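Novice: If you scroll down you'll find the structure; I have some questions about it.
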Amino acid sequence: MQLRKILGITVLLIVICVLTALASDSFLSSYNVENLIRRTALFGIISIGVAFVIVTGGIDLSVGSVICLVGCGLPWLLTVHHWSLPAALLAVAAVSVGLGLLHGLIITKLRVQPFIVTLCGLLLYRGIARGFTDDQTVGFGTEYKGFRELATGQIPLPFIHGFTLPAPCIFLVVVAVVAAIFLNCTIYGRYLLALGRSEQAARYSGINTERMTILAYVISSTLAGFGGVLFVLDVNSAQPVDFGNFYELYAIAAAVLGGCSLRGGEGTILGAIIGTALMQVLRNMINLTTKHHNMEFAIIGAVILIGVIADELMKRYATQRRAARALSAETKAP
Amino acid sequence: MTDSPLLEARELTKSFPGVRALKGVNLTLQRGEVLAVIGENGAGKSTLMKILAGVQTPDAGEILIEGQATRIASVHEALSRGIALIHQELNLADNLDVAANIFLGREKFRFGLIDKARHREEARPLLAAVGLKVEPTVQVDTLSIGQQQLVEIAKALSVKARILIMDEPTSSLSSHESENLFQVIRDLRSRGVSIVYISHRLGEVCALADRVTVLRDGANAGDLSRSEITHGAMVKLMVGRDLSQFYPHESHAPGAVALEVEGLRTRAHPTHPLDFKVHSGEIVGVAGLIGAGRTELLETLFGVTPACGGVLRVAGKTVAPSSPLEAIAAGLALVPEDRKAQGVVLEMAVQDNLSLASLRRDQRHGLIDFRRAAEIGREMITNLKIKTPDGRQPVQFLSGGNQQKVVLGKWLALRPRILLLDEPTRGIDIGAKQEIYRLMEDLAAKGVAILFVSSEMEEILGMSDRALVMHEGRITGELGRSELTEESVMHLATGTQLSAA
């Protein structure tokens, strides 16, 4: 079922790539492809984080604001307060983990809905970032060139000329492999999937569902923070007003396109990455082949809606068929 | 025309994913009679009633009202033909008053506003007809469950129902409230209303019914006329054989004390301390009415809700489980009451459900031991005879009985010392039921201590070495195998003294 879903969205991705390549010469230029891969890698990391929360049946709307807080906080600490690089990195890491912990604790211990908790986070963290920066753009200027290579760096590929692999790709691969092993091969990943389907049944089976839920929010916030660092290294400077704006929605949409169900218990890491790629290619296509840049959100919204409806219809069909098969198997059995 | 029965159902069939609930059921109902429909859980009673009341539509078969073939596609259509269903769980808006509930959805208006005075006026004779002595302006949530049920009946009468279907109306009533309800039913019958009465309580059926229709496994098992209605005859038709053959119970010599409960106080009834023991190899039944605190007792033992006080000893060692995880570590397992919500993860595969509880024990530094998990899946599917195409099938597509075996298998993989079962055979068919009884027997023979809650008298009588009876949060009595009778259990369960009988 999940494999088929990934296959379906991969086919869709390829079709859109082919169509865009036919419509625009610049789509396959190495500059454009490198850029696409870089953006997919950056957004992929935060989508994976959000996927963990969605798997538990929750939602994290604070991702974009965590990115803003970290993305503005890091250059602010470095250039305004002249912290050392390790100290500043430690600080933003602690903030990212801490915010996830806070969300998780409020959601499980006080039983406030995830939507509300993370919506308040969305408002709060951007507000804080705008507060301490005085709404001024913060950036690295000409410093930290070496450090910025983590996001801007290019890795030449053997035997291929005129094309280099963007550095964030490495991070995406590492995060994705670790995340996939965690979700599919550890007991904790299985617990997350089980509690996403049925929190009660998981608890009655001896699973500490509160701790697992908290863990999911910590993973989401931590990866958002990591993404925030890479995003600001990539663009060099951040405006608190709109840095990371709507990124939580991109991440949620990518995870859902990639097969995560907002009802919980369903989702794959590979799906979230392909979903991210699809979103980025769609944006790219709109920019390259149409003059309606302003329609970007409308077109992306429509594509996601159609995708989710198609998925729901497929699922109903499969459930009916499966139920009929199970019934006939049971009546045949003695 | 007048010769034809008031209501007739012919060859009704209905399937749900994974279950054939009805396989060609017939039913006739005459004017002014009380027809009892009985059968074990999963026999198809509720499905049949829902079809008659328009809640569900049948896959095949027909319904005749006064000899006319009729399609009942919705609750609204059923009501317009005079058929009203009173659910086991009451459907009242308890924040509104009695009159508003009676006329809910059929409000009378005056100048475009609800005419409350007229509601009150018209509610009075209806309340008198059901013997409910409260003002129509009383808010429903201040009434007792028994009174609320009478409001439901008054509501049915307000639409001029000729056929009243009552699904286990006494399941949460006290004995006094039940008596009152029976009087109302007899009054209604004398006024020409026909009543379909569903109950597990055979004593009530003997006292009330003009005729009995017995269902078994989604089909008709037989009818009994007034003179044939006896306890033994009903049981025989319900289970399809004599009771003694149906329950595979053998008494075992109990071993050492496995579970010792001293002064345990649950959150639901913190003022009533509970004391009892269960020996290894012993099957102890917990009887009582709904709301007696039986589920709360099991959930407290299993750490779902922490205890307010008291001591719990497992094999002599004091434990205080504050979560299921700790209870499991102490050797307890719980097959919960709500199978679909608490017992299994419905959309997850059979094998993943079976290994869910034992993953932690079998882990390798946090990684799942996939080989061991698959082994457990295969072992349990074979040993418990779980009918599934393969281990990857999501549990939701299995029948209730097979789902329950998955829950049991999940725990058996951990080899628990004490098995707690909450309504272990609710809503499963008769074949699976017997398999679950056999399993309980096998486990007891292997020295597992079993404590099971059941609302089915037959099950308590048939399976217990000893029974605890609860009433409103207290253990009102303990009955040994030789003292176990339907009467002795009911007296303790309803809180009436044995001597008063």
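We name chains A, B, ... following the order of the structure tokens; residues begin at 1 in each chain, and ligands are numbered from 1 as shown.
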Do a neighbour search on Asp94 (chain B) at 7 Å with only C-alpha atoms, toss out local chain neighbours closer than 3 positions, and write the hits as an MDAnalysis selection string.

Specialist: chainID B and resid 139:141

Novice: Can I get the selected residues back with C-alpha atoms, as a compact mmCIF listing (two decimals), in the first residue's frame?

Specialist:
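Just written: out-v9.txt:
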```txt
# COMPACT_ATOMS: atom_id res chain seq x y z
CA GLN B 139 -33.68 19.11 32.98
CA VAL B 140 -32.90 15.56 31.82
CA ASP B 141 -29.47 15.25 33.45
```

Novice: Hey, what's within 6 Å of region 45-62 of chain B if we count only C-alpha atoms and toss same-chain stuff fewer than 2 positions away? As an MDAnalysis selection string, please?

Specialist: chainID B and resid 9:14 43 72:75 78 85

Novice: Please run DSSP on the backbone and report, as a list in words, all residues within region 67-100 of chain A that come out as alpha helix (DSSP H).

Specialist: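 Here are the alpha helix (DSSP H) residues of region 67-100 of chain A: Ile67, Cys68, Leu69, Val70, Gly71, Cys72, Gly73, Leu74, Pro75, Leu85, Pro86, Ala87, Ala88, Leu89, Leu90, Ala91, Val92, Ala93, Ala94, Val95, Ser96, Val97, Gly98, Leu99 and Gly100 of chain A.
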
Novice: Counting only C-alpha atoms, a student should be able to say which residues of chain B come within 9 Å of chain A; what is the right answer, written as number ranges by chain?

Specialist: B: 15-20, 302, 304, 323-328, 333-336, 339-348, 352-353, 356-357, 359-360, 363-370, 387-389, 393, 396-399, 410-411

Novice: Take the residues from that selection and write them out as a CSV table (one decimal), in the first residue's frame, keeping C-alpha atoms.

Specialist:
```csv
chain,number,residue,atom,x,y,z
B,15,SER,CA,-22.9,-8.3,6.0
B,16,PHE,CA,-20.2,-6.0,7.4
B,17,PRO,CA,-16.5,-6.1,6.5
B,18,GLY,CA,-15.3,-9.4,7.9
B,19,VAL,CA,-18.6,-10.5,9.4
B,20,ARG,CA,-21.9,-12.0,8.1
B,302,PHE,CA,-3.5,-3.0,35.3
B,304,VAL,CA,-4.4,2.3,33.4
B,323,SER,CA,1.1,2.5,34.1
B,324,PRO,CA,0.3,-0.6,32.1
B,325,LEU,CA,4.0,-0.9,31.4
B,326,GLU,CA,4.7,-1.5,35.2
B,327,ALA,CA,1.7,-3.9,35.5
B,328,ILE,CA,3.1,-5.9,32.5
B,333,ALA,CA,-2.0,-8.7,31.2
B,334,LEU,CA,-5.4,-7.1,30.4
B,335,VAL,CA,-7.8,-8.0,27.6
B,336,PRO,CA,-9.7,-4.7,27.7
B,339,ARG,CA,-11.6,-4.4,21.8
B,340,LYS,CA,-11.5,-2.1,18.8
B,341,ALA,CA,-10.3,1.0,20.6
B,342,GLN,CA,-8.1,-0.5,23.4
B,343,GLY,CA,-7.3,-4.1,22.5
B,344,VAL,CA,-6.0,-3.9,18.9
B,345,VAL,CA,-4.6,-1.3,16.6
B,346,LEU,CA,-7.2,-1.8,13.9
B,347,GLU,CA,-5.2,-0.7,10.9
B,348,MET,CA,-2.1,-2.5,11.9
B,352,ASP,CA,2.5,-6.4,14.2
B,353,ASN,CA,-0.4,-6.4,16.7
B,356,LEU,CA,3.4,-5.2,19.9
B,357,ALA,CA,3.6,-6.0,23.6
B,359,LEU,CA,8.8,-5.9,21.2
B,360,ARG,CA,10.4,-4.3,24.2
B,363,GLN,CA,14.6,-5.7,21.3
B,364,ARG,CA,18.3,-5.6,20.4
B,365,HIS,CA,19.5,-2.3,21.7
B,366,GLY,CA,16.3,-0.6,20.5
B,367,LEU,CA,16.2,-2.4,17.2
B,368,ILE,CA,13.2,-4.7,16.5
B,369,ASP,CA,14.1,-8.3,16.4
B,370,PHE,CA,12.2,-8.9,13.2
B,387,LYS,CA,-8.4,-17.1,10.7
B,388,THR,CA,-6.5,-14.6,8.5
B,389,PRO,CA,-5.2,-14.9,4.9
B,393,GLN,CA,-3.7,-8.5,6.9
B,396,GLN,CA,-9.8,-4.5,11.1
B,397,PHE,CA,-10.7,-7.0,8.4
B,398,LEU,CA,-10.9,-9.9,10.8
B,399,SER,CA,-14.2,-11.0,12.6
B,410,LYS,CA,-0.4,-10.4,22.1
B,411,TRP,CA,-0.4,-11.2,25.8
```

Novice: Can you list, as a list of chain:residue names, every protein, DNA or RNA residue that comes within 7 Å of region 137-141 of chain A when you count only C-alpha atoms, leaving out same-chain residues fewer than 5 positions away?

Specialist: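 Listed by chain and then number, they are A:Cys72, A:Pro75, A:Trp76, A:Thr79, A:Asn236, A:Ser237, A:Ala238, A:Gln239, A:Pro240.
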
Novice: Mind writing the picked residues with C-alpha atoms as a PDB file, in the first residue's frame?

Specialist:
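Okay, this is what ended up in part.pdb:
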```pdb
ATOM      1  CA  CYS A  72      17.894  35.107  13.045  1.00  0.00           C
ATOM      2  CA  PRO A  75      23.828  35.471  13.125  1.00  0.00           C
ATOM      3  CA  TRP A  76      22.569  37.788  15.880  1.00  0.00           C
ATOM      4  CA  THR A  79      27.747  39.231  14.803  1.00  0.00           C
ATOM      5  CA  ASN A 236      23.528  34.697   4.297  1.00  0.00           C
ATOM      6  CA  SER A 237      21.001  37.015   5.944  1.00  0.00           C
ATOM      7  CA  ALA A 238      17.555  36.788   7.465  1.00  0.00           C
ATOM      8  CA  GLN A 239      14.696  39.242   7.824  1.00  0.00           C
ATOM      9  CA  PRO A 240      12.740  38.412  10.977  1.00  0.00           C
TER      10      PRO A 240
END
```

Novice: Pick the closest to Leu282 (chain A) from A:Val11, A:Cys17, A:Leu3, A:Leu165: which is it, counting only C-alpha atoms?

Specialist: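 Of A:Val11, A:Cys17, A:Leu3, A:Leu165, the one nearest Leu282 (chain A), counting only C-alpha atoms, is A:Cys17.
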
Novice: Excluding same-chain residues fewer than 6 positions from region 144-146 of chain A, what lies within 12 Å of it counting only C-alpha atoms, as a VMD selection string?

Specialist: chain A and resid 74 to 75 78 to 79 84 to 85 152 to 153 232 to 236

Novice: Using the selection just defined, write its residues with C-alpha atoms as a JSON list (two decimals), in the first residue's frame.

Specialist:
```
[["chain", "number", "residue", "atom", "x", "y", "z"],
["A", 74, "LEU", "CA", 22.45, 32.45, 15.09],
["A", 75, "PRO", "CA", 23.83, 35.47, 13.12],
["A", 78, "LEU", "CA", 27.61, 35.74, 16.29],
["A", 79, "THR", "CA", 27.75, 39.23, 14.80],
["A", 84, "SER", "CA", 32.00, 32.02, 19.62],
["A", 85, "LEU", "CA", 30.65, 29.72, 16.93],
["A", 152, "THR", "CA", 26.44, 26.73, -0.03],
["A", 153, "GLY", "CA", 29.20, 24.24, -0.73],
["A", 232, "VAL", "CA", 20.35, 31.13, 6.99],
["A", 233, "LEU", "CA", 23.79, 29.86, 6.00],
["A", 234, "ASP", "CA", 22.45, 29.40, 2.48],
["A", 235, "VAL", "CA", 21.01, 32.90, 2.03],
["A", 236, "ASN", "CA", 23.53, 34.70, 4.30]]
```

Novice: What's around region 480-491 of chain B at 12 Å? Count only C-alpha atoms, leave out sequence neighbours fewer than 6 positions away in its own chain, and write the answer as a PyMOL selection string.

Specialist: chain B and resi 174-175+201-204+231+249-252+282-289+454-471+497-501

Novice: Grab the residues selected above and save them as a compact mmCIF listing (two decimals), in the first residue's frame with C-alpha atoms.

Specialist:
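Okay, this is what ended up in again.txt:
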```
# COMPACT_ATOMS: atom_id res chain seq x y z
CA SER B 174 -31.67 -1.17 39.51
CA SER B 175 -34.10 -3.99 40.27
CA ARG B 201 -31.61 -11.64 31.40
CA LEU B 202 -33.60 -14.81 30.96
CA GLY B 203 -35.49 -14.28 34.20
CA GLU B 204 -36.99 -11.09 32.80
CA HIS B 231 -34.90 -21.08 31.32
CA HIS B 249 -15.04 -25.94 32.58
CA GLU B 250 -13.28 -28.32 34.91
CA SER B 251 -12.50 -27.28 38.41
CA HIS B 252 -8.83 -27.13 39.17
CA GLU B 282 -7.96 -20.47 39.29
CA ILE B 283 -10.64 -18.81 37.16
CA VAL B 284 -12.46 -16.10 39.07
CA GLY B 285 -15.48 -14.38 37.54
CA VAL B 286 -16.51 -10.83 38.42
CA ALA B 287 -20.26 -10.32 38.05
CA GLY B 288 -22.36 -7.20 38.47
CA LEU B 289 -24.47 -4.68 36.63
CA SER B 454 -18.63 -10.63 32.42
CA SER B 455 -22.16 -9.31 32.11
CA GLU B 456 -23.33 -12.64 30.77
CA MET B 457 -24.81 -14.72 33.53
CA GLU B 458 -24.25 -17.95 31.61
CA GLU B 459 -20.58 -17.19 31.27
CA ILE B 460 -20.13 -16.42 34.97
CA LEU B 461 -22.00 -19.58 35.92
CA GLY B 462 -20.27 -21.69 33.31
CA MET B 463 -16.66 -20.60 33.64
CA SER B 464 -15.96 -19.52 37.23
CA ASP B 465 -14.30 -21.55 39.93
CA ARG B 466 -15.38 -18.73 42.17
CA ALA B 467 -17.22 -15.49 41.51
CA LEU B 468 -16.96 -12.04 43.02
CA VAL B 469 -20.15 -10.01 42.71
CA MET B 470 -19.97 -6.23 42.68
CA HIS B 471 -22.62 -3.61 43.30
CA GLN B 497 -30.23 -9.16 50.53
CA LEU B 498 -30.51 -12.88 49.96
CA SER B 499 -32.78 -13.17 52.97
CA ALA B 500 -35.24 -10.72 51.42
CA ALA B 501 -35.90 -13.08 48.51
```

Novice: When distances are computed from only C-alpha atoms, which of A:Phe27, A:Ile54, A:Gln136, A:Ala93 shows the smallest separation from Val80 (chain A)?

Specialist: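 Selected residue with least distance to Val80 (chain A): A:Gln136.
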